[in-house]
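Trainee: my_file-v2.txt (compact mmCIF, C-alpha atoms (C1' of nucleotides)) pasted underneath:
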```txt
# COMPACT_ATOMS: atom_id res chain seq x y z
CA MET A 26 59.98 81.52 118.47
CA THR A 27 61.48 78.28 119.78
CA ILE A 28 63.55 78.04 122.91
CA ASP A 29 66.66 77.52 120.82
CA GLU A 30 66.00 80.68 118.91
CA ALA A 31 65.42 82.61 122.08
CA GLN A 32 68.77 81.42 123.34
CA ALA A 33 70.57 82.16 120.12
CA ASP A 34 68.93 85.52 120.29
CA ARG A 35 71.15 86.93 122.94
CA LEU A 36 74.32 87.48 121.07
CA PRO A 37 77.42 87.06 123.16
CA LYS A 38 78.66 90.33 124.55
CA PHE A 39 82.20 89.33 123.73
CA ASP A 40 82.80 87.65 120.45
CA SER A 41 85.23 84.89 119.93
CA LEU A 42 88.87 85.85 119.88
CA GLN A 43 88.86 85.20 116.16
CA GLN A 44 85.97 87.55 115.59
CA GLN A 45 87.56 90.15 117.79
CA ALA A 46 90.77 89.91 115.81
CA PHE A 47 88.90 90.47 112.60
CA LEU A 48 87.08 93.46 113.99
CA GLU A 49 90.28 95.03 115.23
CA LEU A 50 91.88 94.42 111.88
CA TRP A 51 88.94 96.04 110.15
CA ARG A 52 88.85 99.03 112.45
CA THR A 53 92.57 99.64 112.26
CA TYR A 54 92.74 99.23 108.53
CA ASP A 55 89.80 101.53 108.05
CA CYS A 56 91.27 104.17 110.29
CA LEU A 57 94.66 104.19 108.62
CA LYS A 58 93.24 103.86 105.15
CA ALA A 59 91.12 106.95 105.61
CA GLU A 60 94.19 108.98 106.45
CA GLU A 61 96.15 107.58 103.56
CA GLU A 62 93.37 108.34 101.14
CA MET A 63 93.36 111.95 102.18
CA VAL A 64 96.98 112.17 101.12
CA PHE A 65 96.27 110.48 97.81
CA GLY A 66 93.27 112.70 97.35
CA GLU A 67 95.48 115.76 97.20
CA PHE A 68 97.19 114.22 94.21
CA GLU A 69 93.92 113.20 92.57
CA ILE A 70 94.67 109.53 92.69
CA SER A 71 93.29 106.50 94.52
CA SER A 72 95.30 104.08 96.59
CA GLN A 73 94.62 101.44 93.97
CA GLN A 74 96.01 103.65 91.27
CA TYR A 75 99.03 104.44 93.39
CA ASN A 76 99.55 100.74 93.87
CA ALA A 77 99.43 100.20 90.11
CA LEU A 78 101.84 103.04 89.46
CA ARG A 79 104.30 101.65 91.96
CA LEU A 80 104.18 98.25 90.34
CA LEU A 81 104.78 99.82 86.96
CA LYS A 82 107.63 101.85 88.35
CA THR A 83 109.26 98.77 89.79
CA ALA A 84 109.00 97.03 86.44
CA SER A 85 110.19 100.00 84.42
CA PRO A 86 111.73 100.47 81.99
CA SER A 87 110.10 97.18 81.06
CA PRO A 88 106.36 97.34 80.48
CA LEU A 89 103.81 95.15 82.22
CA ALA A 90 100.92 93.39 80.56
CA VAL A 91 97.51 94.37 81.87
CA SER A 92 96.92 90.88 83.21
CA ALA A 93 100.29 90.74 84.94
CA LEU A 94 99.58 94.06 86.55
CA GLY A 95 96.16 92.88 87.62
CA GLN A 96 97.58 89.82 89.30
CA ARG A 97 100.06 91.84 91.29
CA MET A 98 97.53 94.31 92.63
CA ILE A 99 96.77 93.96 96.30
CA THR A 100 93.07 94.48 96.01
CA ARG A 101 91.90 92.39 93.10
CA ALA A 102 90.53 94.74 90.46
CA PRO A 103 87.90 93.21 88.25
CA ASP A 104 88.07 96.12 85.92
CA MET A 105 91.64 96.95 85.01
CA THR A 106 90.62 98.49 81.72
CA ARG A 107 88.75 101.42 83.10
CA MET A 108 91.19 101.97 85.89
CA LEU A 109 93.97 102.21 83.33
CA ASP A 110 91.71 104.44 81.24
CA ARG A 111 91.70 106.92 84.08
CA LEU A 112 95.45 106.76 84.54
CA GLU A 113 95.93 107.17 80.82
CA ARG A 114 93.63 110.16 80.71
CA GLN A 115 95.88 111.75 83.32
CA ALA A 116 98.85 110.82 81.12
CA LEU A 117 100.41 108.84 83.96
CA ILE A 118 100.68 105.63 81.96
CA ALA A 119 100.92 104.65 78.31
CA ARG A 120 99.49 101.61 76.60
CA VAL A 121 100.82 99.86 73.52
CA ARG A 122 99.53 96.72 71.92
CA ARG A 123 102.27 94.15 71.58
CA ASP A 124 103.25 93.31 68.03
CA ASP A 125 104.21 89.67 68.41
CA ASN A 126 101.01 88.94 70.32
CA ARG A 127 98.34 91.41 69.53
CA ARG A 128 96.12 90.23 72.37
CA VAL A 129 98.25 91.70 75.08
CA VAL A 130 98.45 95.36 75.90
CA GLU A 131 101.60 96.51 77.55
CA VAL A 132 101.50 99.27 80.09
CA THR A 133 104.34 101.55 81.04
CA ILE A 134 104.59 104.42 83.47
CA THR A 135 105.20 107.76 81.81
CA GLN A 136 107.54 110.51 82.92
CA ALA A 137 104.57 112.32 84.39
CA GLY A 138 103.70 109.17 86.28
CA SER A 139 107.19 108.84 87.70
CA LYS A 140 107.13 112.47 88.63
CA LEU A 141 103.87 112.09 90.48
CA LEU A 142 105.29 109.10 92.33
CA ARG A 143 108.26 111.18 93.39
CA ARG A 144 106.09 114.04 94.55
CA ILE A 145 103.85 111.75 96.53
CA ALA A 146 106.62 109.73 98.15
CA LYS A 147 107.39 112.08 100.99
CA PRO A 148 103.84 112.82 102.14
CA ILE A 149 103.04 109.12 102.12
CA ARG A 150 106.12 108.24 104.09
CA ALA A 151 105.17 110.94 106.55
CA CYS A 152 101.67 109.56 106.77
CA HIS A 153 102.89 106.08 107.61
CA GLN A 154 105.34 107.57 110.01
CA ARG A 155 102.50 109.33 111.82
CA GLN A 156 100.55 106.13 111.88
CA PHE A 157 103.19 103.72 113.07
CA GLY A 158 105.99 105.95 114.23
CA HIS A 159 104.95 105.68 117.86
CA LEU A 160 105.46 101.91 117.87
CA PRO A 161 108.97 100.62 118.52
CA ALA A 162 110.61 98.66 115.72
CA GLY A 163 110.33 95.40 117.61
CA GLN A 164 106.58 95.68 117.92
CA LEU A 165 106.27 96.64 114.29
CA MET A 166 108.17 93.59 113.20
CA GLU A 167 106.02 91.49 115.43
CA LEU A 168 102.87 92.99 113.94
CA ILE A 169 104.14 92.33 110.45
CA ALA A 170 104.95 88.75 111.33
CA LEU A 171 101.54 88.16 112.87
CA LEU A 172 99.72 89.64 109.91
CA ARG A 173 101.70 87.41 107.58
CA ALA A 174 100.94 84.41 109.73
CA ALA A 175 97.25 85.22 109.67
CA ARG A 176 97.30 85.28 105.90
CA LYS A 177 99.34 82.15 105.47
CA ARG A 178 96.41 79.79 105.69
CA ALA A 179 94.22 81.95 103.56
CA ASN A 180 96.87 82.01 100.86
CA SER A 181 97.51 78.30 100.91
CA ASP A 182 94.09 76.69 100.59
CA ALA A 183 91.68 79.47 99.74
CA ARG A 184 91.86 81.95 96.91
CA MET B 14 116.27 115.37 85.08
CA THR B 15 118.44 116.60 87.93
CA ILE B 16 120.81 114.40 89.85
CA ASP B 17 118.52 114.53 92.85
CA GLU B 18 115.61 113.30 90.80
CA ALA B 19 117.65 110.50 89.36
CA GLN B 20 118.50 109.41 92.87
CA ALA B 21 114.98 109.67 94.11
CA ASP B 22 114.03 107.71 91.06
CA ARG B 23 115.26 104.41 92.32
CA LEU B 24 112.71 103.58 94.91
CA PRO B 25 114.02 101.56 97.81
CA LYS B 26 113.52 97.86 97.29
CA PHE B 27 112.47 97.54 100.89
CA ASP B 28 110.19 100.19 102.25
CA SER B 29 110.38 101.54 105.72
CA LEU B 30 109.07 99.30 108.46
CA GLN B 31 106.10 101.59 108.76
CA GLN B 32 105.26 101.28 105.11
CA GLN B 33 105.74 97.55 105.25
CA ALA B 34 103.39 97.33 108.20
CA PHE B 35 100.73 99.22 106.33
CA LEU B 36 101.10 97.03 103.27
CA GLU B 37 100.83 93.87 105.34
CA LEU B 38 97.78 95.26 107.05
CA TRP B 39 96.23 96.07 103.72
CA ARG B 40 97.01 92.71 102.19
CA THR B 41 95.76 90.77 105.18
CA TYR B 42 92.61 92.78 105.54
CA ASP B 43 91.86 92.48 101.86
CA CYS B 44 92.39 88.76 101.88
CA LEU B 45 90.16 88.12 104.86
CA LYS B 46 87.56 90.63 103.79
CA ALA B 47 87.12 88.93 100.45
CA GLU B 48 86.33 85.66 102.17
CA GLU B 49 83.94 87.30 104.57
CA GLU B 50 82.09 89.02 101.78
CA MET B 51 81.50 85.74 100.06
CA VAL B 52 79.68 84.57 103.15
CA PHE B 53 77.63 87.75 103.35
CA GLY B 54 76.96 87.51 99.66
CA GLU B 55 75.04 84.28 100.15
CA PHE B 56 72.68 86.19 102.40
CA GLU B 57 72.39 89.13 100.00
CA ILE B 58 73.89 91.59 102.40
CA SER B 59 77.08 93.62 102.63
CA SER B 60 79.47 93.66 105.54
CA GLN B 61 78.44 97.25 106.20
CA GLN B 62 74.81 96.26 106.40
CA TYR B 63 75.67 93.37 108.68
CA ASN B 64 77.53 95.79 110.87
CA ALA B 65 74.48 98.04 111.05
CA LEU B 66 72.17 95.15 111.83
CA ARG B 67 74.42 94.01 114.63
CA LEU B 68 74.45 97.45 116.16
CA LEU B 69 70.68 97.61 115.95
CA LYS B 70 70.43 94.17 117.49
CA THR B 71 72.62 95.19 120.38
CA ALA B 72 70.46 98.25 120.97
CA SER B 73 67.17 96.44 120.63
CA PRO B 74 64.51 96.57 121.78
CA SER B 75 65.45 100.26 121.90
CA PRO B 76 65.69 101.98 118.54
CA LEU B 77 68.72 103.90 117.31
CA ALA B 78 68.65 107.27 115.60
CA VAL B 79 70.16 107.30 112.13
CA SER B 80 72.94 109.59 113.26
CA ALA B 81 73.76 107.45 116.30
CA LEU B 82 73.93 104.42 114.09
CA GLY B 83 76.13 106.23 111.63
CA GLN B 84 78.58 107.22 114.31
CA ARG B 85 78.94 103.66 115.54
CA MET B 86 79.64 102.16 112.15
CA ILE B 87 83.18 100.99 111.66
CA THR B 88 83.53 102.27 108.15
CA ARG B 89 82.12 105.75 108.10
CA ALA B 90 79.11 105.77 105.81
CA PRO B 91 78.41 109.11 104.19
CA ASP B 92 75.03 107.97 103.00
CA MET B 93 73.10 106.27 105.73
CA THR B 94 69.79 107.07 104.10
CA ARG B 95 70.18 104.92 101.07
CA MET B 96 71.88 102.15 102.95
CA LEU B 97 68.90 102.03 105.28
CA ASP B 98 66.63 102.23 102.25
CA ARG B 99 68.08 98.98 101.05
CA LEU B 100 67.71 97.31 104.43
CA GLU B 101 64.16 98.56 104.67
CA ARG B 102 63.33 97.24 101.21
CA GLN B 103 64.45 93.85 102.46
CA ALA B 104 62.25 94.39 105.53
CA LEU B 105 65.22 93.90 107.83
CA ILE B 106 64.76 97.23 109.59
CA ALA B 107 61.93 99.64 110.28
CA ARG B 108 62.04 103.43 110.48
CA VAL B 109 59.79 105.70 112.50
CA ARG B 110 59.99 109.43 112.84
CA ARG B 111 60.18 110.42 116.48
CA ASP B 112 57.22 112.37 117.77
CA ASP B 113 58.87 114.61 120.34
CA ASN B 114 61.57 115.59 117.86
CA ARG B 115 60.40 115.17 114.35
CA ARG B 116 63.87 115.67 112.93
CA VAL B 117 65.17 112.32 114.07
CA VAL B 118 64.28 109.02 112.53
CA GLU B 119 64.55 106.00 114.75
CA VAL B 120 65.63 102.70 113.36
CA THR B 121 64.86 99.29 114.77
CA ILE B 122 65.72 95.82 113.60
CA THR B 123 62.72 93.75 112.57
CA GLN B 124 62.00 90.14 113.31
CA ALA B 125 63.18 89.28 109.84
CA GLY B 126 66.38 91.17 110.57
CA SER B 127 66.98 89.27 113.78
CA LYS B 128 66.29 86.05 112.01
CA LEU B 129 68.81 86.83 109.30
CA LEU B 130 71.36 87.65 111.97
CA ARG B 131 70.76 84.30 113.59
CA ARG B 132 71.07 82.45 110.32
CA ILE B 133 74.28 84.21 109.42
CA ALA B 134 75.93 83.82 112.81
CA LYS B 135 77.28 80.33 112.37
CA PRO B 136 78.75 80.71 108.86
CA ILE B 137 80.47 83.89 109.93
CA ARG B 138 81.91 82.36 113.03
CA ALA B 139 83.12 79.47 110.91
CA CYS B 140 84.69 81.94 108.48
CA HIS B 141 86.64 83.69 111.19
CA GLN B 142 87.58 80.34 112.62
CA ARG B 143 89.03 79.31 109.27
CA GLN B 144 90.88 82.59 109.07
CA PHE B 145 92.37 82.76 112.53
CA GLY B 146 91.84 79.27 113.90
CA HIS B 147 95.38 78.21 113.10
CA LEU B 148 96.87 80.90 115.34
CA PRO B 149 97.23 80.10 119.03
CA ALA B 150 95.23 82.26 121.43
CA GLY B 151 98.35 83.98 122.73
CA GLN B 152 99.33 85.20 119.30
CA LEU B 153 95.79 86.33 118.59
CA MET B 154 95.70 88.41 121.75
CA GLU B 155 99.03 89.86 120.83
CA LEU B 156 97.78 90.73 117.37
CA ILE B 157 94.71 92.38 118.83
CA ALA B 158 96.82 94.37 121.25
CA LEU B 159 99.17 95.53 118.51
CA LEU B 160 96.34 96.57 116.24
CA ARG B 161 94.82 98.56 119.06
CA ALA B 162 98.14 100.16 119.80
CA ALA B 163 98.56 101.12 116.17
CA ARG B 164 95.21 102.85 116.23
CA LYS B 165 95.72 104.59 119.50
CA ARG B 166 97.58 107.54 118.12
CA ALA B 167 95.29 107.89 115.16
CA ASN B 168 92.34 108.00 117.52
CA SER B 169 93.88 110.50 119.86
CA ASP B 170 95.00 113.37 117.68
CA ALA B 171 93.47 112.67 114.31
CA ARG B 172 89.82 111.97 113.62
C1' DG C 22 94.45 73.87 57.38
C1' DA C 23 89.83 74.66 59.20
C1' DA C 24 87.07 74.40 63.50
C1' DA C 25 87.17 74.74 68.21
C1' DA C 26 89.12 76.14 72.41
C1' DA C 27 91.75 79.33 75.06
C1' DC C 28 93.36 83.80 75.92
C1' DA C 29 93.66 88.91 76.78
C1' DC C 30 91.33 92.61 76.94
C1' DC C 31 87.25 95.60 76.28
C1' DT C 32 82.28 97.19 76.80
C1' DG C 33 77.39 97.48 78.50
C1' DT C 34 74.72 97.68 82.30
C1' DT C 35 73.41 97.52 86.98
C1' DT C 36 74.43 98.83 91.52
C1' DA C 37 76.48 101.29 95.19
C1' DA C 38 79.85 104.88 97.02
C1' DA C 39 80.89 109.95 97.58
C1' DC C 40 80.08 114.71 97.81
C1' DG C 41 77.14 118.67 98.16
C1' DA C 42 73.18 120.95 98.18
C1' DC C 43 68.58 120.97 100.07
C1' DT C 44 64.32 120.52 103.33
C1' DA C 45 62.24 120.32 107.55
C1' DT C 46 62.47 120.90 112.42
C1' DT C 47 64.22 122.60 116.67
C1' DG C 48 67.04 125.63 119.60
C1' DT C 49 68.99 130.25 120.72
C1' DC C 50 69.41 135.09 121.21
C1' DT C 51 67.82 139.69 121.58
C1' DA D 30 57.87 136.81 119.10
C1' DG D 31 60.95 136.79 115.15
C1' DA D 32 65.36 136.24 112.98
C1' DC D 33 69.28 133.27 112.79
C1' DA D 34 71.83 129.38 113.56
C1' DA D 35 72.15 124.49 114.38
C1' DT D 36 70.60 119.88 113.76
C1' DA D 37 68.83 115.50 111.40
C1' DG D 38 67.94 113.47 107.53
C1' DT D 39 67.05 113.24 102.58
C1' DC D 40 67.90 113.84 97.61
C1' DG D 41 70.54 114.84 93.01
C1' DT D 42 74.36 114.01 90.56
C1' DT D 43 78.77 112.42 89.46
C1' DT D 44 81.98 108.76 89.74
C1' DA D 45 83.66 104.25 90.35
C1' DA D 46 82.97 99.12 91.53
C1' DA D 47 81.11 94.57 89.91
C1' DC D 48 79.46 91.21 86.92
C1' DA D 49 78.46 89.27 82.71
C1' DG D 50 78.85 89.02 78.03
C1' DG D 51 81.42 90.36 73.74
C1' DT D 52 85.51 91.07 70.36
C1' DG D 53 89.68 90.19 68.33
C1' DT D 54 93.84 87.06 68.47
C1' DT D 55 96.46 82.96 69.10
C1' DT D 56 96.91 78.11 70.04
C1' DT D 57 95.32 73.47 69.82
C1' DT D 58 93.21 69.58 67.77
C1' DC D 59 91.77 66.58 64.30
```
Translate this file's structure into structure tokens.
Mentor:
Amino acid sequence: MTIDEAQADRLPKFDSLQQQAFLELWRTYDCLKAEEEMVFGEFEISSQQYNALRLLKTASPSPLAVSALGQRMITRAPDMTRMLDRLERQALIARVRRDDNRRVVEVTITQAGSKLLRRIAKPIRACHQRQFGHLPAGQLMELIALLRAARKRANSDAR
Amino acid sequence: MTIDEAQADRLPKFDSLQQQAFLELWRTYDCLKAEEEMVFGEFEISSQQYNALRLLKTASPSPLAVSALGQRMITRAPDMTRMLDRLERQALIARVRRDDNRRVVEVTITQAGSKLLRRIAKPIRACHQRQFGHLPAGQLMELIALLRAARKRANSDAR
DNA sequence: GAAAAACACCTGTTTAAACGACTATTGTCT
DNA sequence: AGACAATAGTCGTTTAAACAGGTGTTTTTC
């Protein structure tokens, strides 16, 4: 082992501020996500699926093409098909192939889907309330602004 | 459909601040995570595995029991065994069953593991620099503080 | 107007996550 | 000492994520 390696070997006890920020983001997200997923779990749905249903609900009564839906998802889903398969199996969405362009499949939320969304709304709101309710509105807005600012660069040149 | 349901049907265009905060957290995390995973991908490792290696490095030269390692992971891993299997297959860690308590398996990072950690250090630092470098230190510290504050409740009564 | 390119989605396959049940070892209680 | 409970890790199985390649459809190009 060279002297350089020996030096590099002792990792800094405190990471850079940037690294620390990422770790805190990770930890916090993970913590809150776990709680959220427990709520979704009771309704036999994943947060991704919930996200998709919400997007469909917002679009309704218009349908959304699979690709359009995919682009709007928060977490990029490389396999929309099978995710929609699962939602369809639960009768929460419906798919129809468009007639004037038979390549695209249009997705709509069903009544059952809307109903599920309504049933899940309150528990989810309560969950977020538990998570962030103890922070005053000013701090929340600040947090939101900072998170947006952090993403701004990433959105502009990367991705 | 009842009148109540019809009302509940139109979801609010703007969610509660709490919900908005969670969404921003999700989006930001997802965005940054994706970039980080590309870096890890070049080294054929996942962020979870990196996390484990770092913990082992911090403990070294002492070993860490599987359970101790599991508890320190950021994202709770319900299957340490197979994750360690993969690291062991890459010769990045070593496992030895403890003699005075043959139930526990002690894990140590190998030389190859340390070396990988050293090689990956710079690209990762650069990644976080790209992600957060454009924010002034004051804002970063504020972000860190807010993220910690958000977690505080979740840590105290839940989990 | 036929061939090639582009598009939108689907499918096959490999890999890892998740959940429980299971094995081996140690500690506790009478 | 022997039964019972607790602990530490492993393994089996189901389910979903990821990636690449494939199919049918439309648009473009010559």
Trainee: Superposing chain A on chain B by least squares with every Cα paired in order, what RMSD results?
Mentor: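 After superposition, the RMSD is 0.1 Å.
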Trainee: So which residues touch range 79-82 of chain A within 12 Å, counting only C-alpha atoms (C1' of nucleotides), skipping near sequence neighbours fewer than 3 positions away, as JSON, numbers by chain?
Mentor: {"A": [72, 73, 74, 75, 76, 85, 86, 87, 88, 89, 90, 91, 93, 94, 95, 96, 97, 98, 99, 109, 112, 117, 118, 119, 120, 131, 132, 133, 134, 135, 136, 137, 138, 139, 140, 141, 142, 143, 145, 146], "B": [22, 23, 24, 25, 26, 28]}
Trainee: Using only C-alpha atoms, tabulate the residues of chain A lying at most 6 Å from any atom of chain B, each with its closest atom pair and that distance in Å to one decimal, by chain and increasing residue number, as JSON lines.
Mentor:
```
{"residue": "A:Gln43", "atom": "CA", "partner": "B:Phe145", "partner_atom": "CA", "distance": 5.6}
{"residue": "A:Gln44", "atom": "CA", "partner": "B:His141", "partner_atom": "CA", "distance": 5.9}
{"residue": "A:Ala46", "atom": "CA", "partner": "B:Ile157", "partner_atom": "CA", "distance": 5.5}
{"residue": "A:Thr53", "atom": "CA", "partner": "B:Arg164", "partner_atom": "CA", "distance": 5.7}
{"residue": "A:His153", "atom": "CA", "partner": "B:Gln31", "partner_atom": "CA", "distance": 5.6}
{"residue": "A:Phe157", "atom": "CA", "partner": "B:Gln31", "partner_atom": "CA", "distance": 5.6}
{"residue": "A:Ile169", "atom": "CA", "partner": "B:Ala34", "partner_atom": "CA", "distance": 5.5}
{"residue": "A:Arg176", "atom": "CA", "partner": "B:Thr41", "partner_atom": "CA", "distance": 5.7}
```
Trainee: Residues of chain B within 7 Å of chain D, counting only C-alpha atoms (C1' of nucleotides) - could you list those as a PyMOL selection string?
Mentor: chain B and resi 94+116-117
Trainee: What would the file look like if the residues just selected were written as a tab-separated table (two decimals), in the coordinates of the input with C-alpha atoms?
Mentor:
```tsv
chain	number	residue	atom	x	y	z
B	94	THR	CA	69.79	107.07	104.10
B	116	ARG	CA	63.87	115.67	112.93
B	117	VAL	CA	65.17	112.32	114.07
```
Trainee: Just give me the gap between CA of Glu57 in chain B and CA of Val109 in chain B in Å, one decimal is fine.
Mentor: 24.3 Å
Trainee: Hey, which bits of chain B sit within 10 Å of chain C, and for each residue what's the closest pair of atoms and how far apart in Å (one decimal), counting only C-alpha atoms (C1' of nucleotides), rows by chain and increasing number, as JSON lines?
Mentor:
```
{"residue": "B:Ala90", "atom": "CA", "partner": "C:DA38", "partner_atom": "C1'", "distance": 8.9}
{"residue": "B:Pro91", "atom": "CA", "partner": "C:DA39", "partner_atom": "C1'", "distance": 7.1}
{"residue": "B:Asp92", "atom": "CA", "partner": "C:DA39", "partner_atom": "C1'", "distance": 8.2}
{"residue": "B:Arg95", "atom": "CA", "partner": "C:DA37", "partner_atom": "C1'", "distance": 9.4}
{"residue": "B:Met96", "atom": "CA", "partner": "C:DA37", "partner_atom": "C1'", "distance": 9.1}
{"residue": "B:Asn114", "atom": "CA", "partner": "C:DT47", "partner_atom": "C1'", "distance": 7.6}
{"residue": "B:Arg115", "atom": "CA", "partner": "C:DT46", "partner_atom": "C1'", "distance": 6.4}
{"residue": "B:Arg116", "atom": "CA", "partner": "C:DT46", "partner_atom": "C1'", "distance": 5.4}
{"residue": "B:Val117", "atom": "CA", "partner": "C:DT46", "partner_atom": "C1'", "distance": 9.1}
```
Trainee: CA of Gly54 in chain B and CA of Ala72 in chain B are how many Å apart?
Mentor: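 CA of Ala72 in chain B lies at a distance of 24.7 Å from CA of Gly54 in chain B.
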Trainee: For CA of Ala104 in chain B and CA of Glu55 in chain B, determine how far apart the two atoms are, in Å to one decimal place.
Mentor: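 Distance between the two atoms: 17.2 Å.
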